[in-house]
file structure_2.cif (mmCIF, C-alpha atoms)
data_my_file
loop_
_atom_site.label_atom_id
_atom_site.label_comp_id
_atom_site.auth_asym_id
_atom_site.auth_seq_id
_atom_site.Cartn_x
_atom_site.Cartn_y
_atom_site.Cartn_z
CA MET L 11 -6.93 13.21 -14.66
CA CYS L 12 -3.37 13.95 -15.65
CA ALA L 13 -4.14 12.96 -19.20
CA THR L 14 -6.77 15.58 -19.92
CA GLU L 15 -4.77 16.95 -22.83
CA GLY L 16 -5.25 13.76 -24.80
CA GLU L 17 -8.89 13.76 -23.91
CA LYS L 18 -9.57 16.92 -25.84
CA LYS L 19 -8.85 15.02 -29.08
CA ALA L 20 -11.09 12.11 -28.25
CA ASP L 21 -13.76 13.75 -26.12
CA THR L 22 -16.80 14.42 -28.26
CA GLN L 23 -18.62 16.50 -25.68
CA GLY L 24 -16.46 19.52 -26.41
CA GLN L 25 -17.87 21.61 -23.56
CA VAL L 26 -14.54 23.20 -22.74
CA SER L 27 -12.39 25.23 -25.09
CA GLN L 28 -8.99 23.80 -25.95
CA ALA L 29 -7.02 26.59 -24.28
CA SER L 30 -8.78 26.20 -20.92
CA VAL L 31 -8.41 22.41 -21.05
CA LYS L 32 -4.71 22.91 -21.48
CA ASP L 33 -4.56 25.31 -18.51
CA VAL L 34 -6.40 22.81 -16.32
CA PHE L 35 -4.09 20.05 -17.54
CA TRP L 36 -0.96 21.87 -16.48
CA SER L 37 -2.29 23.09 -13.15
CA GLU L 38 -3.64 19.62 -12.32
CA LYS L 39 -0.40 18.02 -13.35
CA ARG L 40 1.71 20.52 -11.42
CA ILE L 41 -0.37 19.98 -8.27
CA GLU L 42 0.09 16.23 -8.61
CA VAL L 43 3.85 16.54 -9.07
CA VAL L 44 4.11 18.71 -5.96
CA ILE L 45 1.96 16.22 -3.98
CA GLY L 46 4.17 13.38 -5.22
CA ARG L 47 7.31 15.15 -4.02
CA LEU L 48 5.74 15.81 -0.62
CA LEU L 49 4.90 12.11 -0.34
CA GLN L 50 8.46 11.09 -1.07
CA LEU L 51 9.70 13.67 1.44
CA GLY L 52 7.33 12.27 4.08
CA VAL L 53 8.61 8.73 3.54
CA LEU L 54 12.22 9.93 3.65
CA LEU L 55 11.64 11.87 6.87
CA ALA L 56 9.92 8.87 8.48
CA ALA L 57 12.79 6.59 7.43
CA VAL L 58 15.38 8.94 8.95
CA VAL L 59 13.46 9.11 12.26
CA VAL L 60 13.04 5.31 12.32
CA MET L 61 16.75 4.86 11.55
CA GLY L 62 17.80 7.24 14.35
CA GLY L 63 15.48 5.55 16.85
CA GLY L 64 16.63 2.15 15.59
CA ALA L 65 20.29 2.93 16.23
CA MET L 66 19.45 4.00 19.80
CA TYR L 67 17.26 0.93 20.23
CA LEU L 68 20.05 -1.49 19.29
CA PHE L 69 22.60 0.48 21.33
CA ASN L 70 20.34 0.10 24.39
CA GLY L 71 20.09 -3.67 23.88
CA GLY L 72 16.89 -4.22 21.91
CA GLU L 73 14.86 -7.42 22.15
CA PRO L 74 15.79 -11.02 21.19
CA ALA L 75 13.79 -13.12 18.72
CA SER L 76 12.05 -14.96 21.57
CA HIS L 77 10.39 -11.66 22.61
CA TYR L 78 8.16 -11.79 19.52
CA ARG L 79 6.90 -15.37 19.89
CA LEU L 80 3.81 -14.60 21.92
CA PHE L 81 1.49 -11.71 21.24
CA THR L 82 1.16 -9.46 24.27
CA GLY L 83 0.49 -6.22 22.40
CA GLU L 84 2.55 -3.08 22.42
CA ARG L 85 2.42 -1.09 25.67
CA ASP L 86 -0.56 1.21 25.95
CA ASP L 87 1.14 4.58 25.58
CA LEU L 88 2.63 3.50 22.23
CA ARG L 89 -0.79 2.62 20.83
CA THR L 90 -2.12 6.13 20.29
CA VAL L 91 -0.98 9.26 18.46
CA THR L 92 -1.29 11.37 21.60
CA GLY L 93 0.55 8.77 23.67
CA VAL L 94 3.54 8.69 21.31
CA VAL L 95 3.70 12.48 21.02
CA HIS L 96 3.39 12.84 24.80
CA ASP L 97 6.31 10.42 25.39
CA LEU L 98 8.51 11.90 22.69
CA PRO L 99 10.46 14.43 24.84
CA ALA L 100 11.84 11.53 26.89
CA HIS L 101 13.88 10.44 23.82
CA HIS L 102 13.30 6.76 24.36
CA ALA L 103 14.38 4.68 21.37
CA ARG L 104 11.09 2.82 21.02
CA VAL L 105 9.06 6.03 21.22
CA ILE L 106 11.19 7.62 18.49
CA ILE L 107 10.75 4.61 16.17
CA GLN L 108 7.01 4.64 16.84
CA PHE L 109 6.94 8.38 16.02
CA GLY L 110 8.64 7.56 12.68
CA VAL L 111 5.97 4.90 12.04
CA LEU L 112 3.29 7.52 12.77
CA LEU L 113 4.90 9.91 10.26
CA LEU L 114 4.72 7.10 7.72
CA ILE L 115 1.03 6.46 8.42
CA LEU L 116 0.34 10.20 8.17
CA THR L 117 1.99 10.44 4.72
CA PRO L 118 -0.85 8.89 2.66
CA ILE L 119 -3.41 10.61 4.92
CA SER L 120 -1.93 14.02 4.15
CA ARG L 121 -1.87 12.97 0.50
CA VAL L 122 -5.64 12.58 0.59
CA ALA L 123 -6.01 15.94 2.33
CA PHE L 124 -3.91 17.63 -0.40
CA SER L 125 -6.03 15.93 -3.08
CA ALA L 126 -9.19 17.34 -1.51
CA ALA L 127 -7.66 20.82 -1.72
CA ALA L 128 -6.57 20.20 -5.32
CA PHE L 129 -10.09 19.14 -6.35
CA ALA L 130 -11.48 22.21 -4.58
CA LEU L 131 -9.09 24.43 -6.58
CA GLN L 132 -10.45 22.84 -9.75
CA LYS L 133 -14.01 23.41 -8.47
CA ASP L 134 -14.67 19.68 -8.89
CA TYR L 135 -17.03 19.44 -5.93
CA MET L 136 -18.15 15.84 -6.54
CA TYR L 137 -14.56 14.74 -6.02
CA VAL L 138 -14.04 17.09 -3.08
CA VAL L 139 -16.86 15.19 -1.35
CA ILE L 140 -15.48 11.77 -2.40
CA THR L 141 -12.01 12.68 -1.16
CA LEU L 142 -13.35 14.04 2.15
CA ILE L 143 -15.22 10.74 2.72
CA VAL L 144 -11.92 8.86 2.31
CA LEU L 145 -10.22 11.34 4.65
CA ALA L 146 -12.95 10.88 7.27
CA ILE L 147 -12.53 7.08 7.17
CA LEU L 148 -8.76 7.45 7.60
CA ILE L 149 -9.11 9.87 10.53
CA TYR L 150 -11.68 7.59 12.14
CA SER L 151 -9.21 4.69 11.90
CA LEU L 152 -6.39 6.64 13.52
CA ALA L 153 -8.46 8.50 16.15
CA GLY L 154 -11.63 6.39 16.30
CA HIS L 155 -11.28 5.38 19.92
CA TYR L 156 -11.63 9.02 21.02
CA ILE L 157 -14.99 9.35 19.29
CA MET E 138 16.20 -18.81 14.31
CA THR E 139 14.08 -18.20 17.39
CA ARG E 140 17.19 -18.10 19.62
CA LEU E 141 18.71 -15.07 17.90
CA ASP E 142 19.99 -12.23 20.08
CA PRO E 143 18.60 -8.70 19.44
CA THR E 144 21.31 -7.61 16.97
CA GLU E 145 21.24 -10.89 15.01
CA PHE E 146 17.46 -10.83 14.91
CA THR E 147 17.31 -7.21 13.71
CA LEU E 148 19.98 -7.84 11.07
CA GLY E 149 18.29 -11.05 9.88
CA VAL E 150 14.89 -9.39 9.56
CA PHE E 151 16.53 -6.42 7.79
CA LEU E 152 18.25 -8.63 5.19
CA VAL E 153 15.10 -10.65 4.48
CA SER E 154 13.16 -7.37 4.08
CA VAL E 155 15.78 -6.01 1.65
CA ALA E 156 15.45 -9.15 -0.49
CA ALA E 157 11.64 -9.04 -0.34
CA GLY E 158 11.51 -5.33 -1.23
CA PHE E 159 13.98 -5.83 -4.10
CA LEU E 160 12.13 -8.80 -5.64
CA GLY E 161 8.77 -7.19 -4.98
CA ALA E 162 9.72 -4.02 -6.88
CA LEU E 163 11.29 -5.96 -9.76
CA THR E 164 8.36 -8.30 -10.26
CA GLY E 165 5.69 -5.72 -9.50
CA LEU E 166 4.09 -8.09 -7.00
CA GLY E 167 5.07 -6.08 -3.93
CA GLY E 168 7.36 -7.47 -1.26
CA GLY E 169 4.81 -7.31 1.56
CA ILE E 170 3.23 -10.62 0.74
CA VAL E 171 6.37 -12.69 1.52
CA ILE E 172 7.57 -10.87 4.66
CA THR E 173 4.83 -12.02 7.05
CA PRO E 174 5.23 -15.73 6.14
CA ILE E 175 9.02 -15.51 6.46
CA LEU E 176 8.81 -13.71 9.83
CA THR E 177 6.36 -16.26 11.21
CA LEU E 178 7.77 -19.45 9.64
CA LEU E 179 11.50 -18.70 9.83
CA PHE E 180 11.89 -16.26 12.75
CA GLY E 181 9.03 -17.58 14.88
CA VAL E 182 7.44 -14.13 15.16
CA ASN E 183 3.81 -13.99 16.24
CA ILE E 184 1.57 -13.43 13.20
CA GLN E 185 -0.04 -10.29 14.66
CA TYR E 186 3.31 -8.48 15.07
CA ALA E 187 4.42 -9.72 11.63
CA ILE E 188 1.25 -8.40 9.97
CA GLY E 189 1.59 -5.03 11.72
CA ALA E 190 5.21 -4.50 10.66
CA THR E 191 4.56 -5.59 7.06
CA LEU E 192 1.57 -3.31 6.71
CA VAL E 193 3.60 -0.28 7.72
CA SER E 194 6.33 -1.18 5.22
CA VAL E 195 3.66 -1.43 2.50
CA ILE E 196 2.76 2.23 3.15
CA ALA E 197 6.40 3.21 2.70
CA THR E 198 6.94 1.50 -0.67
CA SER E 199 3.57 2.49 -2.10
CA SER E 200 3.91 6.18 -1.20
CA GLY E 201 7.41 6.33 -2.67
CA ALA E 202 6.57 4.59 -5.94
CA ALA E 203 3.19 6.21 -6.59
CA ALA E 204 4.77 9.64 -7.06
CA ALA E 205 6.68 8.54 -10.17
CA TYR E 206 3.64 7.03 -11.90
CA VAL E 207 1.47 10.06 -11.19
CA ARG E 208 4.18 12.22 -12.77
CA GLU E 209 4.18 10.11 -15.93
CA GLY E 210 0.40 10.44 -16.25
CA TYR E 211 -0.51 6.76 -15.97
CA SER E 212 -2.51 6.81 -12.72
CA ASN E 213 -6.20 7.69 -12.93
CA ILE E 214 -6.62 9.71 -9.74
CA ARG E 215 -10.41 10.08 -9.98
CA VAL E 216 -10.88 6.32 -10.32
CA GLY E 217 -8.35 5.75 -7.54
CA MET E 218 -9.93 8.25 -5.15
CA PHE E 219 -13.46 6.93 -5.69
CA LEU E 220 -12.38 3.31 -5.23
CA GLU E 221 -10.47 4.27 -2.07
CA ILE E 222 -13.85 4.70 -0.34
CA ALA E 223 -14.33 0.95 -0.89
CA THR E 224 -10.77 -0.09 -0.04
CA THR E 225 -10.56 1.97 3.16
CA LEU E 226 -13.97 0.74 4.39
CA GLY E 227 -12.85 -2.81 3.54
CA ALA E 228 -9.53 -2.27 5.32
CA LEU E 229 -11.33 -1.10 8.48
CA SER E 230 -13.57 -4.20 8.38
CA GLY E 231 -10.58 -6.47 7.73
CA ALA E 232 -8.52 -4.96 10.53
CA PHE E 233 -11.37 -5.41 13.01
CA LEU E 234 -11.90 -8.96 11.73
CA ALA E 235 -8.19 -9.70 12.27
CA THR E 236 -8.57 -8.96 15.96
CA CYS E 237 -11.30 -11.58 16.45
CA ILE E 238 -10.29 -14.46 14.13
CA PRO E 239 -7.84 -17.08 15.51
CA ALA E 240 -4.26 -16.76 14.23
CA SER E 241 -4.37 -20.23 12.63
CA VAL E 242 -7.35 -19.24 10.45
CA ILE E 243 -5.54 -16.04 9.40
CA ALA E 244 -2.53 -18.19 8.44
CA ILE E 245 -4.72 -20.42 6.23
CA ILE E 246 -6.37 -17.43 4.50
CA PHE E 247 -2.90 -15.95 4.02
CA GLY E 248 -1.74 -19.18 2.37
CA VAL E 249 -4.68 -19.18 -0.06
CA VAL E 250 -4.01 -15.54 -1.05
CA LEU E 251 -0.32 -16.42 -1.53
CA LEU E 252 -1.26 -19.32 -3.83
CA GLN E 253 -3.37 -16.99 -5.93
CA SER E 254 -0.43 -14.55 -6.17
CA ALA E 255 1.91 -17.35 -7.23
CA TYR E 256 -0.56 -18.25 -9.97
CA ILE E 257 -0.85 -14.65 -11.16
CA SER E 258 2.93 -14.23 -11.25
CA GLY E 259 3.15 -17.07 -13.78
CA ARG E 260 0.56 -15.57 -16.10
CA ALA E 261 1.35 -13.36 -19.08
CA ARG E 262 0.05 -9.81 -19.05
CA GLU E 263 -1.37 -8.56 -22.28
CA GLU E 264 -3.05 -5.32 -23.16
CA ARG E 265 -6.45 -5.81 -24.74
CA SER E 266 -6.98 -3.86 -27.93
CA LYS E 267 -10.77 -3.37 -28.08
CA ARG E 268 -12.65 -2.25 -25.02
CA GLY E 269 -15.84 -0.76 -26.42
CA PRO E 270 -17.82 2.14 -24.94
CA GLY E 271 -17.82 2.54 -21.16
CA SER E 272 -20.67 2.76 -18.67
CA ARG E 273 -22.83 5.83 -18.04
CA LEU E 274 -21.76 5.98 -14.41
CA GLY E 275 -18.10 6.16 -15.41
CA ALA E 276 -18.82 9.08 -17.76
CA LEU E 277 -21.04 10.79 -15.18
CA MET E 278 -18.24 10.60 -12.63
CA LYS E 279 -15.69 11.96 -15.11
CA MET E 280 -13.56 8.83 -14.84
CA ASN E 281 -12.83 8.42 -18.57
CA SER E 282 -9.34 9.60 -19.36
CA SER E 283 -6.31 8.90 -21.52
CA TYR E 284 -2.83 7.57 -20.88
CA PRO E 285 0.54 7.77 -22.63
CA VAL E 286 1.10 5.17 -25.36
CA GLY E 287 4.19 5.41 -27.52
CA GLY E 288 4.51 9.11 -28.33
CA GLY E 289 0.87 10.12 -27.85
CA TRP E 290 -2.12 9.69 -25.58
CA GLU E 291 -4.72 6.94 -25.89
CA TYR E 292 -8.28 7.54 -24.72
CA TYR E 293 -10.12 4.92 -22.65
CA GLU E 294 -13.52 4.59 -20.99
CA VAL E 295 -14.38 3.03 -17.64
CA HIS E 296 -16.74 0.03 -17.37
CA ASN E 297 -18.65 -1.74 -14.55
CA VAL E 298 -18.00 0.81 -11.78
CA PRO E 299 -20.19 -0.96 -9.13
CA ILE E 300 -18.46 -4.33 -9.71
CA GLY E 301 -15.06 -2.66 -9.48
CA PHE E 302 -16.19 -0.99 -6.24
CA GLY E 303 -17.22 -4.38 -4.81
CA VAL E 304 -13.92 -6.02 -5.77
CA MET E 305 -12.09 -3.11 -4.09
CA TYR E 306 -14.01 -3.65 -0.86
CA VAL E 307 -12.83 -7.29 -0.83
CA ALA E 308 -9.27 -6.15 -1.63
CA GLY E 309 -9.50 -3.77 1.34
CA VAL E 310 -10.75 -6.52 3.67
CA LEU E 311 -7.81 -8.76 2.68
CA SER E 312 -5.41 -5.85 3.12
CA GLY E 313 -6.70 -5.14 6.63
CA LEU E 314 -6.92 -8.81 7.58
CA LEU E 315 -3.48 -9.87 6.32
CA GLY E 316 -1.48 -6.64 6.42
CA ILE E 317 -0.71 -6.79 2.69
CA GLY E 318 -1.18 -4.22 -0.09
CA SER E 319 -3.42 -6.66 -2.04
CA GLY E 320 -2.29 -4.94 -5.23
CA ALA E 321 -2.95 -8.07 -7.28
CA LEU E 322 -6.67 -8.07 -6.52
CA LYS E 323 -6.91 -4.30 -7.04
CA VAL E 324 -5.35 -4.73 -10.49
CA ILE E 325 -7.84 -7.53 -11.32
CA GLY E 326 -10.72 -5.27 -10.30
CA MET E 327 -9.61 -2.43 -12.56
CA ASP E 328 -8.16 -4.47 -15.43
CA GLN E 329 -10.81 -7.21 -15.70
CA ALA E 330 -14.00 -5.64 -14.30
CA MET E 331 -13.57 -1.95 -15.10
CA LYS E 332 -11.59 -2.68 -18.28
CA LEU E 333 -8.95 -0.04 -17.64
CA PRO E 334 -5.67 -0.40 -19.58
CA PHE E 335 -3.25 -2.68 -17.71
CA LYS E 336 -0.63 0.03 -17.14
CA VAL E 337 -3.31 2.36 -15.74
CA SER E 338 -4.60 -0.45 -13.48
CA THR E 339 -1.20 -1.27 -11.98
CA THR E 340 -0.17 2.34 -11.37
CA THR E 341 -3.57 3.37 -9.96
CA SER E 342 -3.46 0.30 -7.72
CA ASN E 343 -0.06 1.39 -6.43
CA PHE E 344 -1.47 4.86 -5.76
CA MET E 345 -4.30 3.30 -3.72
CA ILE E 346 -2.26 0.79 -1.70
CA GLY E 347 -0.73 3.35 0.70
CA VAL E 348 -4.09 4.93 1.53
CA THR E 349 -5.73 1.51 2.01
CA ALA E 350 -2.91 0.40 4.31
CA ALA E 351 -3.12 3.64 6.32
CA ALA E 352 -6.78 2.84 7.08
CA SER E 353 -5.79 -0.53 8.64
CA ALA E 354 -2.71 0.88 10.34
CA GLY E 355 -4.75 3.00 12.76
CA VAL E 356 -6.68 -0.04 14.01
CA TYR E 357 -3.47 -2.10 14.23
CA LEU E 358 -1.82 0.64 16.27
CA HIS E 359 -4.61 0.71 18.88
CA ARG E 360 -4.63 -3.09 19.12
CA GLY E 361 -0.89 -3.15 19.85
CA TYR E 362 0.15 -4.87 16.58
CA ILE E 363 2.72 -2.20 15.74
CA HIS E 364 5.93 -3.13 17.56
CA PRO E 365 8.75 -0.59 17.02
CA GLY E 366 11.54 -3.15 17.44
CA LEU E 367 10.17 -5.25 14.58
CA CYS E 368 8.85 -2.41 12.38
CA MET E 369 12.27 -0.73 12.30
CA PRO E 370 14.24 -3.40 10.34
CA VAL E 371 11.23 -4.26 8.17
CA ILE E 372 10.53 -0.66 7.08
CA LEU E 373 14.18 0.21 6.47
CA GLY E 374 14.89 -3.10 4.70
CA VAL E 375 11.88 -2.99 2.38
CA LEU E 376 12.54 0.66 1.50
CA ALA E 377 16.21 -0.04 0.71
CA GLY E 378 15.33 -3.14 -1.32
CA ALA E 379 12.46 -1.53 -3.23
CA SER E 380 14.37 1.61 -4.20
CA THR E 381 17.27 -0.52 -5.49
CA GLY E 382 14.82 -2.79 -7.30
CA THR E 383 13.15 0.11 -9.10
CA ARG E 384 16.53 1.22 -10.46
CA PHE E 385 17.30 -2.28 -11.74
CA LEU E 386 13.89 -2.56 -13.37
CA VAL E 387 14.93 -0.85 -16.59
CA ARG E 388 17.82 -3.14 -17.38
CA SER E 389 17.03 -6.64 -16.24
CA LYS E 390 15.10 -9.64 -17.51
CA VAL E 391 12.10 -9.85 -15.26
CA SER E 392 10.54 -13.09 -16.51
CA VAL E 393 13.11 -15.36 -14.80
CA LEU E 394 12.77 -13.40 -11.56
CA ARG E 395 8.98 -13.61 -11.72
CA THR E 396 9.26 -17.40 -11.95
CA ILE E 397 11.66 -17.57 -9.00
CA PHE E 398 9.45 -15.25 -6.96
CA GLY E 399 6.39 -17.31 -7.95
CA ILE E 400 8.03 -20.51 -6.68
CA VAL E 401 9.06 -18.86 -3.38
CA VAL E 402 5.52 -17.56 -2.89
CA GLY E 403 4.07 -21.00 -3.71
CA VAL E 404 6.29 -22.77 -1.15
CA LEU E 405 5.46 -20.18 1.53
CA ALA E 406 1.75 -20.61 0.72
CA VAL E 407 1.84 -24.37 1.31
CA GLU E 408 3.83 -23.90 4.55
CA MET E 409 1.39 -21.27 5.86
CA ILE E 410 -1.63 -23.47 5.14
CA TYR E 411 0.08 -26.53 6.68
CA HIS E 412 1.11 -24.61 9.82
CA GLY E 413 -2.37 -23.10 10.07
CA ILE E 414 -4.15 -26.46 9.80
CA THR E 415 -1.83 -28.19 12.26
CA GLY E 416 -2.32 -25.28 14.68
CA ARG E 417 1.35 -24.29 14.87
CA ILE E 418 0.62 -20.64 14.13
#

call {"tool": "encode", "arguments": {"input": "structure_2.cif", "output": "structure tokens"}}
result
Amino acid sequence: MCATEGEKKADTQGQVSQASVKDVFWSEKRIEVVIGRLLQLGVLLAAVVVMGGGAMYLFNGGEPASHYRLFTGERDDLRTVTGVVHDLPAHHARVIIQFGVLLLILTPISRVAFSAAAFALQKDYMYVVITLIVLAILIYSLAGHYI
Amino acid sequence: MTRLDPTEFTLGVFLVSVAAGFLGALTGLGGGIVITPILTLLFGVNIQYAIGATLVSVIATSSGAAAAYVREGYSNIRVGMFLEIATTLGALSGAFLATCIPASVIAIIFGVVLLQSAYISGRAREERSKRGPGSRLGALMKMNSSYPVGGGWEYYEVHNVPIGFGVMYVAGVLSGLLGIGSGALKVIGMDQAMKLPFKVSTTTSNFMIGVTAAASAGVYLHRGYIHPGLCMPVILGVLAGASTGTRFLVRSKVSVLRTIFGIVVGVLAVEMIYHGITGRI
């Protein structure tokens, strides 16, 4: 989709004039570059939050290797988006790390949401629908137990 | 290593994750695949926690790297977005499956997937020259595109969309079941079945990995697989290693590293299968 400019040489259908293809190319490309930057920003933000929480976590003692031998599952309030956000004001190290992890999970999800908007701007409705299906699956995964 | 105190444990996991992220970025195989075996075999971590932490780190590296490839115009976003329906559905199935299969069986499947990765890492990658005309479905879905070659752009057409979609579902299941990016299988689906150029396949796969992993991550979170104390050193380590690895990529001989990485993966594969069969995981 970023390579539409080259397509105009090879594409035999020729439904679109060269000038408009070029316009679409640049707007598509610019949208993608902006989305890419946002993604990197999301990862960076998540890493900073995880690092801050991690420093607090180790300062407070943390857990030894033996803690991870048997699977007991993370405590209930740290298993949901609402639970983590609800606990956040308490500034507990583990909650802060888990919030950073949530930011990380939300990064590709917001990427898909931005793509849906980008396809809508291009009036490419087939791909708006495809992208919204992916978004629905992702939201179901993260919030499915409420439904 | 199971007697480590909290600081030693965190530091050990961090250093292993740095090395895995670094080698993963250099070889293009992704570091995720070696972290879970090392955590379980070396640090005695339960496989569910190990899978959860690795999966989250996969999101971090994929989201960071994908941006660069999209900018260069290699990734085919339409192909990626369409195939993400298959990978996310697969990931949901895999993540649910992971919660009802015994850990020892997961370890054996993990070992087999590792063996396949070790095999792939030893194989040469070559760009095929003739691909022929693509399928009608690919054209109908506006998937045909072009990518940068040398100074210009080369046009390509997409083949076998339904087969590619099926392979992606399987890749998603493995991703959700094992907490890996399963980039290798995604590349096979696009390169072999859909006959996309290799560079387009690898970069589009990278673009899809983060979204696929996010679909499993939700299920993992609710099932309590995501442990902050373990995720923290893994995420930070893999990110640090991968971003350093990407910078080295331009000026290092990768073939030797690929061989080393292949051997490490092979050894881990055998260990995982052995531990799985003997019921130690």

call {"tool": "resolve_selection", "arguments": {"input": "structure_2.cif", "expression": "the PyMOL selection byres ((chain E and resi 418) around 7)", "output": "VMD selection string"}}
result
chain E and resid 240 to 241 244 412 to 413 416 to 417

call {"tool": "residues_around", "arguments": {"input": "structure_2.cif", "residues": "segment 137-154 of chain L", "least_positions_apart": "6", "cutoff": "7 Å", "atoms": "all atoms listed in the file", "output": "ChimeraX atom specification"}}
result
/L:119,122-123,126,129-130 /E:218-219,221-222,225,351-352,355-356

call {"tool": "atom_distance", "arguments": {"input": "structure_2.cif", "atom1": "atom CA of Gly231 of chain E", "atom2": "atom CA of Val195 of chain E"}}
result
16.0 Å

call {"tool": "closest_residue", "arguments": {"input": "structure_2.cif", "among": "E:Phe385, E:Phe159, E:Tyr411, E:Tyr292", "to": "chain L", "atoms": "all atoms listed in the file"}}
result
E:Tyr292

call {"tool": "axis_aligned_box", "arguments": {"input": "structure_2.cif", "around": "segment 229-240 of chain E", "padding_each_side": "6 Å", "output": "JSON"}}
result
{"center_x": -8.9, "center_y": -9.1, "center_z": 12.1, "size_x": 21.3, "size_y": 28.0, "size_z": 20.7}

call {"tool": "resolve_selection", "arguments": {"input": "structure_2.cif", "expression": "the PyMOL selection byres ((chain E and resi 404) around 12)", "output": "list in words"}}
result
Val171, Pro174, Ile175, Leu178, Gly248, Val249, Leu251, Leu252, Ser254, Ala255, Ile397, Phe398, Gly399, Ile400, Val401, Val402, Gly403, Leu405, Ala406, Val407, Glu408, Met409, Ile410 and Tyr411 of chain E

call {"tool": "build_atoms", "arguments": {"input": "structure_2.cif", "residues": "segment 314-328 of chain E", "atoms": "N, CA and C atoms", "output": "PDB file, in the frame of the given file"}}
result
ATOM      1  N   LEU E 314      -6.971  -7.539   6.871  1.00  0.00           N
ATOM      2  CA  LEU E 314      -6.920  -8.810   7.580  1.00  0.00           C
ATOM      3  C   LEU E 314      -5.505  -9.375   7.603  1.00  0.00           C
ATOM      4  N   LEU E 315      -4.777  -9.201   6.481  1.00  0.00           N
ATOM      5  CA  LEU E 315      -3.480  -9.870   6.320  1.00  0.00           C
ATOM      6  C   LEU E 315      -2.297  -8.904   6.343  1.00  0.00           C
ATOM      7  N   GLY E 316      -2.575  -7.600   6.387  1.00  0.00           N
ATOM      8  CA  GLY E 316      -1.480  -6.640   6.420  1.00  0.00           C
ATOM      9  C   GLY E 316      -0.706  -6.557   5.115  1.00  0.00           C
ATOM     10  N   ILE E 317      -1.380  -6.850   3.991  1.00  0.00           N
ATOM     11  CA  ILE E 317      -0.710  -6.790   2.690  1.00  0.00           C
ATOM     12  C   ILE E 317      -1.287  -5.622   1.879  1.00  0.00           C
ATOM     13  N   GLY E 318      -0.661  -5.292   0.752  1.00  0.00           N
ATOM     14  CA  GLY E 318      -1.180  -4.220  -0.090  1.00  0.00           C
ATOM     15  C   GLY E 318      -2.352  -4.684  -0.925  1.00  0.00           C
ATOM     16  N   SER E 319      -2.466  -6.003  -1.121  1.00  0.00           N
ATOM     17  CA  SER E 319      -3.420  -6.660  -2.040  1.00  0.00           C
ATOM     18  C   SER E 319      -3.530  -5.920  -3.369  1.00  0.00           C
ATOM     19  N   GLY E 320      -2.363  -5.587  -3.918  1.00  0.00           N
ATOM     20  CA  GLY E 320      -2.290  -4.940  -5.230  1.00  0.00           C
ATOM     21  C   GLY E 320      -2.800  -5.837  -6.338  1.00  0.00           C
ATOM     22  N   ALA E 321      -2.545  -7.148  -6.216  1.00  0.00           N
ATOM     23  CA  ALA E 321      -2.950  -8.070  -7.280  1.00  0.00           C
ATOM     24  C   ALA E 321      -4.453  -8.040  -7.495  1.00  0.00           C
ATOM     25  N   LEU E 322      -5.213  -8.074  -6.397  1.00  0.00           N
ATOM     26  CA  LEU E 322      -6.670  -8.070  -6.520  1.00  0.00           C
ATOM     27  C   LEU E 322      -7.171  -6.704  -7.010  1.00  0.00           C
ATOM     28  N   LYS E 323      -6.516  -5.628  -6.570  1.00  0.00           N
ATOM     29  CA  LYS E 323      -6.910  -4.300  -7.040  1.00  0.00           C
ATOM     30  C   LYS E 323      -6.727  -4.202  -8.549  1.00  0.00           C
ATOM     31  N   VAL E 324      -5.608  -4.764  -9.046  1.00  0.00           N
ATOM     32  CA  VAL E 324      -5.350  -4.730 -10.490  1.00  0.00           C
ATOM     33  C   VAL E 324      -6.424  -5.536 -11.225  1.00  0.00           C
ATOM     34  N   ILE E 325      -6.798  -6.712 -10.676  1.00  0.00           N
ATOM     35  CA  ILE E 325      -7.840  -7.530 -11.320  1.00  0.00           C
ATOM     36  C   ILE E 325      -9.145  -6.732 -11.404  1.00  0.00           C
ATOM     37  N   GLY E 326      -9.495  -6.061 -10.316  1.00  0.00           N
ATOM     38  CA  GLY E 326     -10.720  -5.270 -10.300  1.00  0.00           C
ATOM     39  C   GLY E 326     -10.754  -4.205 -11.383  1.00  0.00           C
ATOM     40  N   MET E 327      -9.640  -3.517 -11.568  1.00  0.00           N
ATOM     41  CA  MET E 327      -9.610  -2.430 -12.560  1.00  0.00           C
ATOM     42  C   MET E 327      -9.390  -2.942 -13.965  1.00  0.00           C
ATOM     43  N   ASP E 328      -8.515  -3.946 -14.110  1.00  0.00           N
ATOM     44  CA  ASP E 328      -8.160  -4.470 -15.430  1.00  0.00           C
ATOM     45  C   ASP E 328      -9.296  -5.326 -15.996  1.00  0.00           C
TER      46      ASP E 328
END
